[in-house]
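Below: the structure, in structure tokens.
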Amino acid sequence: MTEKTALTPKTHSTPPARFSHGVRKGNILQVAGQVGFLPAEEGKPPTPAGPTLREQTLQTLANVQAVLEEGGASWEDAMMIRVYLTDVDHFAEMNQIYNAYFEEQGLTQPPAARTTVYVGLPAGLLVEIDALAVLD
């Protein structure tokens with residue numbers, strides 16, 4: 001049976017509850033929901049990248065990428081991305097940011113994606129993103 005490995009990149013703080021930032025088992029890697037916190041600094045609480053959707057989305061994508069890389073994956077391995085927004089009015093802006101980001105990544109075959117509105121994020125956070133990757 002394949003071992004399950006919990007993933008926490010050095011840039012991430014220890015989760016506040018009993019979960020992992022990502023888990024890899026065999027060739028499957030699940031990235032838990034990531035938010036736009038700046039890289040962790042010891043002794044300091046998590047800090048959002050900024051107040052705007054753009055700042056938080058770009059940092060959130062960087063945080064997802066860090067977990068993918070910690071598990072030996074890349075965006076090319078991502079099969080599904082789920083985006084959770086706290087405001088329905090952010091859909092158009094999110095799509096612009098998302099499209100530009102993945103164009104910069106050079107992805108020829110972008111992953112499947114789903115975006116939904118979710119109001120349960122801590123105050124000040126605008127976006128959460130998780131991902132599922134399958135490695136060769």
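Identifiers in this document derive from the order of the structure tokens: chains are assigned A, B, ..., residues are numbered from 1 separately in each chain, and ligands are numbered from 1 in order of occurrence.
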**OP:** Among the residues of chain A, find those DSSP assigns to helix (DSSP H, G or I) from the backbone and print them as a VMD selection string.
**Re:** chain A and resid 53 to 70 75 to 77 88 to 104
Can those selected residues be exported to a file as a compact mmCIF listing (two decimals), in the first residue's frame so that it contains N, CA, C and O atoms?
# COMPACT_ATOMS: atom_id res chain seq x y z
N LEU A 53 -8.39 41.97 -4.20
CA LEU A 53 -8.56 40.63 -4.75
C LEU A 53 -7.32 40.22 -5.53
O LEU A 53 -6.86 39.09 -5.43
N ARG A 54 -6.74 41.14 -6.29
CA ARG A 54 -5.55 40.83 -7.08
C ARG A 54 -4.38 40.38 -6.20
O ARG A 54 -3.76 39.34 -6.44
N GLU A 55 -4.08 41.15 -5.17
CA GLU A 55 -2.97 40.82 -4.27
C GLU A 55 -3.20 39.45 -3.62
O GLU A 55 -2.29 38.62 -3.57
N GLN A 56 -4.40 39.24 -3.12
CA GLN A 56 -4.69 37.99 -2.43
C GLN A 56 -4.72 36.80 -3.38
O GLN A 56 -4.24 35.72 -3.05
N THR A 57 -5.25 36.99 -4.59
CA THR A 57 -5.33 35.89 -5.55
C THR A 57 -3.93 35.46 -5.99
O THR A 57 -3.63 34.26 -6.03
N LEU A 58 -3.08 36.41 -6.32
CA LEU A 58 -1.72 36.06 -6.75
C LEU A 58 -0.95 35.36 -5.64
O LEU A 58 -0.23 34.39 -5.89
N GLN A 59 -1.11 35.81 -4.40
CA GLN A 59 -0.44 35.15 -3.28
C GLN A 59 -1.03 33.77 -3.04
O GLN A 59 -0.31 32.81 -2.75
N THR A 60 -2.34 33.65 -3.18
CA THR A 60 -2.99 32.35 -3.00
C THR A 60 -2.49 31.36 -4.04
O THR A 60 -2.17 30.20 -3.71
N LEU A 61 -2.39 31.78 -5.29
CA LEU A 61 -1.86 30.91 -6.34
C LEU A 61 -0.41 30.52 -6.05
O LEU A 61 -0.01 29.37 -6.25
N ALA A 62 0.38 31.46 -5.54
CA ALA A 62 1.76 31.15 -5.16
C ALA A 62 1.79 30.13 -4.03
O ALA A 62 2.64 29.23 -4.01
N ASN A 63 0.85 30.24 -3.10
CA ASN A 63 0.79 29.30 -1.98
C ASN A 63 0.38 27.91 -2.45
O ASN A 63 0.91 26.90 -1.98
N VAL A 64 -0.57 27.84 -3.39
CA VAL A 64 -0.95 26.54 -3.97
C VAL A 64 0.25 25.95 -4.70
O VAL A 64 0.57 24.76 -4.53
N GLN A 65 0.94 26.77 -5.48
CA GLN A 65 2.11 26.29 -6.21
C GLN A 65 3.18 25.76 -5.26
O GLN A 65 3.82 24.74 -5.54
N ALA A 66 3.38 26.41 -4.13
CA ALA A 66 4.37 25.94 -3.16
C ALA A 66 4.04 24.55 -2.64
O ALA A 66 4.93 23.71 -2.48
N VAL A 67 2.76 24.28 -2.42
CA VAL A 67 2.36 22.95 -1.95
C VAL A 67 2.53 21.93 -3.07
O VAL A 67 3.02 20.82 -2.84
N LEU A 68 2.14 22.31 -4.29
CA LEU A 68 2.35 21.41 -5.43
C LEU A 68 3.83 21.03 -5.53
O LEU A 68 4.18 19.84 -5.64
N GLU A 69 4.70 22.01 -5.47
CA GLU A 69 6.14 21.77 -5.60
C GLU A 69 6.68 20.94 -4.44
O GLU A 69 7.54 20.08 -4.63
N GLU A 70 6.17 21.17 -3.24
CA GLU A 70 6.59 20.39 -2.07
C GLU A 70 6.27 18.90 -2.28
O GLU A 70 7.00 18.03 -1.80
N TRP A 75 2.09 23.06 -11.91
CA TRP A 75 0.77 23.39 -12.46
C TRP A 75 0.41 22.46 -13.62
O TRP A 75 -0.75 22.20 -13.88
N GLU A 76 1.41 21.96 -14.33
CA GLU A 76 1.14 21.03 -15.44
C GLU A 76 0.45 19.76 -14.94
O GLU A 76 -0.25 19.10 -15.70
N ASP A 77 0.67 19.40 -13.69
CA ASP A 77 0.07 18.20 -13.11
C ASP A 77 -1.33 18.46 -12.55
O ASP A 77 -2.04 17.51 -12.21
N VAL A 88 -19.74 37.77 -4.97
CA VAL A 88 -20.15 37.43 -6.33
C VAL A 88 -19.66 38.47 -7.34
O VAL A 88 -19.41 38.15 -8.50
N ASP A 89 -19.49 39.70 -6.90
CA ASP A 89 -19.03 40.77 -7.80
C ASP A 89 -17.56 40.62 -8.20
O ASP A 89 -17.08 41.36 -9.05
N HIS A 90 -16.85 39.68 -7.63
CA HIS A 90 -15.43 39.47 -7.94
C HIS A 90 -15.20 38.47 -9.08
O HIS A 90 -14.05 38.26 -9.48
N PHE A 91 -16.26 37.85 -9.60
CA PHE A 91 -16.09 36.83 -10.64
C PHE A 91 -15.30 37.34 -11.84
O PHE A 91 -14.33 36.70 -12.27
N ALA A 92 -15.68 38.46 -12.41
CA ALA A 92 -15.03 38.96 -13.63
C ALA A 92 -13.56 39.29 -13.37
O ALA A 92 -12.68 38.91 -14.15
N GLU A 93 -13.29 39.99 -12.27
CA GLU A 93 -11.90 40.34 -11.95
C GLU A 93 -11.08 39.07 -11.69
O GLU A 93 -9.93 38.97 -12.14
N MET A 94 -11.65 38.11 -11.00
CA MET A 94 -10.95 36.86 -10.73
C MET A 94 -10.59 36.16 -12.04
O MET A 94 -9.47 35.66 -12.20
N ASN A 95 -11.52 36.11 -12.98
CA ASN A 95 -11.25 35.46 -14.26
C ASN A 95 -10.10 36.15 -15.00
O ASN A 95 -9.26 35.48 -15.61
N GLN A 96 -10.04 37.46 -14.94
CA GLN A 96 -8.94 38.19 -15.59
C GLN A 96 -7.61 37.85 -14.94
O GLN A 96 -6.61 37.59 -15.62
N ILE A 97 -7.57 37.87 -13.62
CA ILE A 97 -6.34 37.56 -12.88
C ILE A 97 -5.91 36.12 -13.17
O ILE A 97 -4.74 35.85 -13.46
N TYR A 98 -6.85 35.21 -13.10
CA TYR A 98 -6.61 33.78 -13.32
C TYR A 98 -6.07 33.53 -14.73
O TYR A 98 -5.06 32.85 -14.91
N ASN A 99 -6.74 34.10 -15.73
CA ASN A 99 -6.29 33.92 -17.12
C ASN A 99 -4.88 34.44 -17.34
O ASN A 99 -4.05 33.79 -17.96
N ALA A 100 -4.60 35.64 -16.84
CA ALA A 100 -3.27 36.23 -17.00
C ALA A 100 -2.21 35.39 -16.28
O ALA A 100 -1.12 35.16 -16.80
N TYR A 101 -2.53 34.92 -15.08
CA TYR A 101 -1.58 34.12 -14.31
C TYR A 101 -1.20 32.85 -15.06
O TYR A 101 -0.01 32.55 -15.21
N PHE A 102 -2.19 32.12 -15.55
CA PHE A 102 -1.88 30.85 -16.20
C PHE A 102 -1.27 31.06 -17.59
O PHE A 102 -0.50 30.22 -18.05
N GLU A 103 -1.54 32.19 -18.21
CA GLU A 103 -0.85 32.51 -19.46
C GLU A 103 0.64 32.73 -19.17
O GLU A 103 1.50 32.24 -19.90
N GLU A 104 0.94 33.45 -18.07
CA GLU A 104 2.33 33.67 -17.67
C GLU A 104 3.03 32.36 -17.32
O GLU A 104 4.24 32.23 -17.50
Original post:
chain A: which residues are strand (DSSP E) by DSSP, as a VMD selection string?
Top reply: chain A and resid 4 to 7 22 to 25 28 to 34 78 to 85 112 to 117 127 to 134
Could the residues in this selection be written to a file with N, CA and C atoms, as a CSV table (one decimal), in the first residue's frame?
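The resulting file, out30.csv, is shown below:
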chain,number,residue,atom,x,y,z
A,4,LYS,N,0.9,7.6,2.7
A,4,LYS,CA,0.4,9.0,2.6
A,4,LYS,C,1.3,10.0,3.2
A,5,THR,N,1.7,11.1,2.5
A,5,THR,CA,2.6,12.0,3.0
A,5,THR,C,2.0,13.4,3.2
A,6,ALA,N,2.0,14.0,4.4
A,6,ALA,CA,1.5,15.3,4.6
A,6,ALA,C,2.6,16.3,4.1
A,7,LEU,N,2.1,17.4,3.5
A,7,LEU,CA,3.0,18.4,3.0
A,7,LEU,C,2.8,19.8,3.6
A,22,GLY,N,-1.3,20.0,2.3
A,22,GLY,CA,-1.4,19.1,1.1
A,22,GLY,C,-1.1,17.7,1.5
A,23,VAL,N,-1.6,16.8,0.8
A,23,VAL,CA,-1.3,15.3,1.0
A,23,VAL,C,-1.1,14.7,-0.3
A,24,ARG,N,0.0,13.8,-0.3
A,24,ARG,CA,0.3,13.0,-1.5
A,24,ARG,C,0.2,11.6,-1.1
A,25,LYS,N,-0.4,10.8,-2.0
A,25,LYS,CA,-0.5,9.4,-1.9
A,25,LYS,C,-0.3,8.8,-3.3
A,28,ILE,N,-1.2,10.8,-6.6
A,28,ILE,CA,-2.3,11.8,-6.3
A,28,ILE,C,-1.8,12.8,-5.3
A,29,LEU,N,-2.0,14.1,-5.6
A,29,LEU,CA,-1.7,15.2,-4.6
A,29,LEU,C,-2.9,16.1,-4.5
A,30,GLN,N,-3.4,16.2,-3.3
A,30,GLN,CA,-4.5,17.1,-3.0
A,30,GLN,C,-3.9,18.3,-2.2
A,31,VAL,N,-4.1,19.5,-2.8
A,31,VAL,CA,-3.7,20.7,-2.1
A,31,VAL,C,-5.0,21.2,-1.3
A,32,ALA,N,-4.8,21.4,0.0
A,32,ALA,CA,-5.9,21.9,0.8
A,32,ALA,C,-6.2,23.4,0.4
A,33,GLY,N,-7.3,23.9,0.8
A,33,GLY,CA,-7.7,25.3,0.5
A,33,GLY,C,-6.6,26.2,1.0
A,34,GLN,N,-6.1,27.1,0.1
A,34,GLN,CA,-5.0,28.0,0.5
A,34,GLN,C,-5.6,29.4,0.3
A,78,ALA,N,-1.7,19.7,-12.4
A,78,ALA,CA,-3.0,20.1,-11.8
A,78,ALA,C,-4.1,19.7,-12.8
A,79,MET,N,-5.1,18.9,-12.2
A,79,MET,CA,-6.2,18.4,-13.0
A,79,MET,C,-7.4,19.3,-12.7
A,80,MET,N,-7.6,19.8,-11.5
A,80,MET,CA,-8.7,20.5,-11.0
A,80,MET,C,-8.3,21.6,-10.1
A,81,ILE,N,-8.9,22.8,-10.2
A,81,ILE,CA,-8.7,23.9,-9.3
A,81,ILE,C,-10.1,24.4,-8.9
A,82,ARG,N,-10.3,24.6,-7.6
A,82,ARG,CA,-11.5,25.1,-7.1
A,82,ARG,C,-11.2,26.5,-6.5
A,83,VAL,N,-12.0,27.5,-6.9
A,83,VAL,CA,-11.8,28.8,-6.4
A,83,VAL,C,-13.1,29.2,-5.6
A,84,TYR,N,-12.9,29.7,-4.4
A,84,TYR,CA,-14.0,30.1,-3.6
A,84,TYR,C,-13.8,31.7,-3.3
A,85,LEU,N,-14.8,32.4,-3.8
A,85,LEU,CA,-14.8,33.9,-3.6
A,85,LEU,C,-15.8,34.2,-2.5
A,112,ALA,N,-9.1,21.9,-15.3
A,112,ALA,CA,-10.5,22.1,-15.1
A,112,ALA,C,-10.6,23.1,-13.9
A,113,ALA,N,-11.7,23.9,-13.8
A,113,ALA,CA,-11.8,24.8,-12.7
A,113,ALA,C,-13.3,25.0,-12.4
A,114,ARG,N,-13.5,25.4,-11.1
A,114,ARG,CA,-14.8,25.7,-10.7
A,114,ARG,C,-14.7,26.9,-9.7
A,115,THR,N,-15.6,27.8,-9.9
A,115,THR,CA,-15.6,29.0,-9.0
A,115,THR,C,-16.9,29.1,-8.3
A,116,THR,N,-16.9,29.3,-7.0
A,116,THR,CA,-18.2,29.5,-6.3
A,116,THR,C,-18.0,30.6,-5.3
A,117,VAL,N,-19.1,31.1,-4.8
A,117,VAL,CA,-19.1,32.1,-3.7
A,117,VAL,C,-19.3,31.4,-2.4
A,127,VAL,N,-10.5,35.3,-1.1
A,127,VAL,CA,-10.4,34.1,-2.0
A,127,VAL,C,-9.7,32.9,-1.3
A,128,GLU,N,-10.1,31.8,-1.7
A,128,GLU,CA,-9.5,30.5,-1.3
A,128,GLU,C,-9.4,29.6,-2.5
A,129,ILE,N,-8.3,28.9,-2.7
A,129,ILE,CA,-8.1,28.0,-3.8
A,129,ILE,C,-7.5,26.7,-3.4
A,130,ASP,N,-8.1,25.6,-3.9
A,130,ASP,CA,-7.5,24.3,-3.7
A,130,ASP,C,-7.2,23.7,-5.0
A,131,ALA,N,-6.5,22.6,-5.0
A,131,ALA,CA,-6.1,21.9,-6.3
A,131,ALA,C,-5.9,20.4,-6.1
A,132,LEU,N,-6.2,19.7,-7.2
A,132,LEU,CA,-5.9,18.3,-7.2
A,132,LEU,C,-5.0,18.0,-8.4
A,133,ALA,N,-3.9,17.3,-8.1
A,133,ALA,CA,-2.9,17.0,-9.1
A,133,ALA,C,-2.7,15.5,-9.2
A,134,VAL,N,-2.4,15.1,-10.4
A,134,VAL,CA,-2.0,13.7,-10.7
A,134,VAL,C,-0.6,13.7,-11.4
**OP:** May I have the residues within 12 Å of Gly124 (chain A) as a ChimeraX atom specification, using only C-alpha atoms and disregarding those fewer than 4 positions away in the same chain?
**Re:** /A:35-37,47-53,56,85-87,119-120,128
Residues just named, written with all heavy atoms as a compact mmCIF listing (two decimals), in the first residue's frame:
# COMPACT_ATOMS: atom_id res chain seq x y z
N VAL A 35 -5.14 30.33 1.16
CA VAL A 35 -5.57 31.72 1.11
C VAL A 35 -4.35 32.60 0.86
O VAL A 35 -3.24 32.11 0.78
CB VAL A 35 -6.32 32.13 2.40
CG1 VAL A 35 -7.63 31.36 2.53
CG2 VAL A 35 -5.45 31.92 3.63
N GLY A 36 -4.58 33.90 0.77
CA GLY A 36 -3.54 34.83 0.37
C GLY A 36 -2.65 35.33 1.48
O GLY A 36 -2.33 36.53 1.53
N PHE A 37 -2.22 34.44 2.38
CA PHE A 37 -1.28 34.84 3.41
C PHE A 37 0.13 34.92 2.84
O PHE A 37 0.55 34.06 2.06
CB PHE A 37 -1.28 33.87 4.59
CG PHE A 37 -2.50 33.94 5.46
CD1 PHE A 37 -3.05 32.80 6.00
CD2 PHE A 37 -3.10 35.15 5.77
CE1 PHE A 37 -4.16 32.84 6.82
CE2 PHE A 37 -4.22 35.23 6.58
CZ PHE A 37 -4.75 34.07 7.12
N THR A 47 -0.45 36.94 7.78
CA THR A 47 -0.79 38.27 7.29
C THR A 47 -1.25 38.18 5.83
O THR A 47 -0.51 37.65 5.00
CB THR A 47 0.45 39.19 7.36
OG1 THR A 47 0.94 39.18 8.70
CG2 THR A 47 0.11 40.60 6.95
N PRO A 48 -2.43 38.72 5.51
CA PRO A 48 -2.87 38.74 4.11
C PRO A 48 -1.92 39.56 3.24
O PRO A 48 -1.31 40.52 3.70
CB PRO A 48 -4.26 39.38 4.16
CG PRO A 48 -4.72 39.19 5.57
CD PRO A 48 -3.46 39.25 6.40
N ALA A 49 -1.80 39.18 1.98
CA ALA A 49 -0.93 39.86 1.03
C ALA A 49 -1.34 41.31 0.81
O ALA A 49 -0.53 42.13 0.42
CB ALA A 49 -0.90 39.12 -0.30
N GLY A 50 -2.56 41.61 1.04
CA GLY A 50 -3.08 42.96 0.85
C GLY A 50 -4.59 42.93 0.86
O GLY A 50 -5.19 41.86 0.94
N PRO A 51 -5.19 44.08 0.75
CA PRO A 51 -6.65 44.13 0.83
C PRO A 51 -7.37 43.83 -0.49
O PRO A 51 -8.57 43.60 -0.50
CB PRO A 51 -6.92 45.56 1.27
CG PRO A 51 -5.78 46.35 0.68
CD PRO A 51 -4.59 45.42 0.74
N THR A 52 -6.63 43.83 -1.61
CA THR A 52 -7.31 43.68 -2.91
C THR A 52 -7.42 42.22 -3.35
O THR A 52 -6.61 41.37 -2.95
CB THR A 52 -6.58 44.47 -4.02
OG1 THR A 52 -5.32 43.82 -4.29
CG2 THR A 52 -6.37 45.93 -3.63
N LEU A 53 -8.39 41.97 -4.20
CA LEU A 53 -8.56 40.63 -4.75
C LEU A 53 -7.32 40.22 -5.53
O LEU A 53 -6.86 39.09 -5.43
CB LEU A 53 -9.80 40.58 -5.65
CG LEU A 53 -10.08 39.21 -6.27
CD1 LEU A 53 -10.42 38.18 -5.21
CD2 LEU A 53 -11.18 39.31 -7.32
N GLN A 56 -4.40 39.24 -3.12
CA GLN A 56 -4.69 37.99 -2.43
C GLN A 56 -4.72 36.80 -3.38
O GLN A 56 -4.24 35.72 -3.05
CB GLN A 56 -6.00 38.09 -1.67
CG GLN A 56 -5.90 38.99 -0.46
CD GLN A 56 -7.13 38.91 0.43
OE1 GLN A 56 -7.84 37.92 0.46
NE2 GLN A 56 -7.38 39.99 1.16
N LEU A 85 -14.79 32.41 -3.76
CA LEU A 85 -14.79 33.86 -3.59
C LEU A 85 -15.78 34.25 -2.50
O LEU A 85 -16.79 33.56 -2.32
CB LEU A 85 -15.19 34.55 -4.90
CG LEU A 85 -14.26 34.34 -6.09
CD1 LEU A 85 -14.89 34.93 -7.35
CD2 LEU A 85 -12.90 34.95 -5.83
N THR A 86 -15.54 35.35 -1.84
CA THR A 86 -16.46 35.81 -0.81
C THR A 86 -17.47 36.83 -1.34
O THR A 86 -18.36 37.23 -0.62
CB THR A 86 -15.70 36.46 0.38
OG1 THR A 86 -14.94 37.55 -0.12
CG2 THR A 86 -14.80 35.45 1.06
N ASP A 87 -17.31 37.23 -2.60
CA ASP A 87 -18.19 38.25 -3.18
C ASP A 87 -18.48 37.91 -4.64
O ASP A 87 -17.55 37.79 -5.45
CB ASP A 87 -17.49 39.61 -3.09
CG ASP A 87 -18.37 40.78 -3.48
OD1 ASP A 87 -19.31 40.59 -4.29
OD2 ASP A 87 -18.10 41.89 -2.99
N VAL A 119 -18.98 32.32 1.85
CA VAL A 119 -18.88 33.46 2.77
C VAL A 119 -18.23 33.10 4.10
O VAL A 119 -18.21 33.92 5.00
CB VAL A 119 -20.27 34.10 3.02
CG1 VAL A 119 -20.82 34.70 1.74
CG2 VAL A 119 -21.23 33.07 3.60
N GLY A 120 -17.65 31.91 4.21
CA GLY A 120 -17.12 31.46 5.49
C GLY A 120 -15.66 31.75 5.75
O GLY A 120 -15.12 31.25 6.72
N GLU A 128 -10.12 31.75 -1.67
CA GLU A 128 -9.46 30.51 -1.27
C GLU A 128 -9.39 29.62 -2.50
O GLU A 128 -10.32 29.61 -3.31
CB GLU A 128 -10.26 29.82 -0.16
CG GLU A 128 -9.67 28.51 0.30
CD GLU A 128 -10.44 27.88 1.44
OE1 GLU A 128 -11.06 28.61 2.25
OE2 GLU A 128 -10.43 26.64 1.52
Original post:
Hey, which of A:Gly26, A:Gly71, A:Pro122, A:Gly43 ends up closest to Thr2 (chain A)? Count only C-alpha atoms.
Top reply: A:Gly26
**OP:** Could you please determine the separation between CA of Ala17 (chain A) and CA of Leu38 (chain A) in Å, to one decimal place?
**Re:**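 So the two atoms, CA of Ala17 (chain A) and CA of Leu38 (chain A), lie 19.0 Å apart.
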Original post:
Closest to Ser13 (chain A) among A:Leu125, A:Ala40, A:Leu107, A:Met1, using only C-alpha atoms?
Top reply: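 Nearest candidate to Ser13 (chain A) out of A:Leu125, A:Ala40, A:Leu107, A:Met1: A:Ala40.
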Subject >> Distance of CA of His21 (chain A) from CA of Pro9 (chain A), expressed in Å to one decimal place >> reply: 8.1 Å
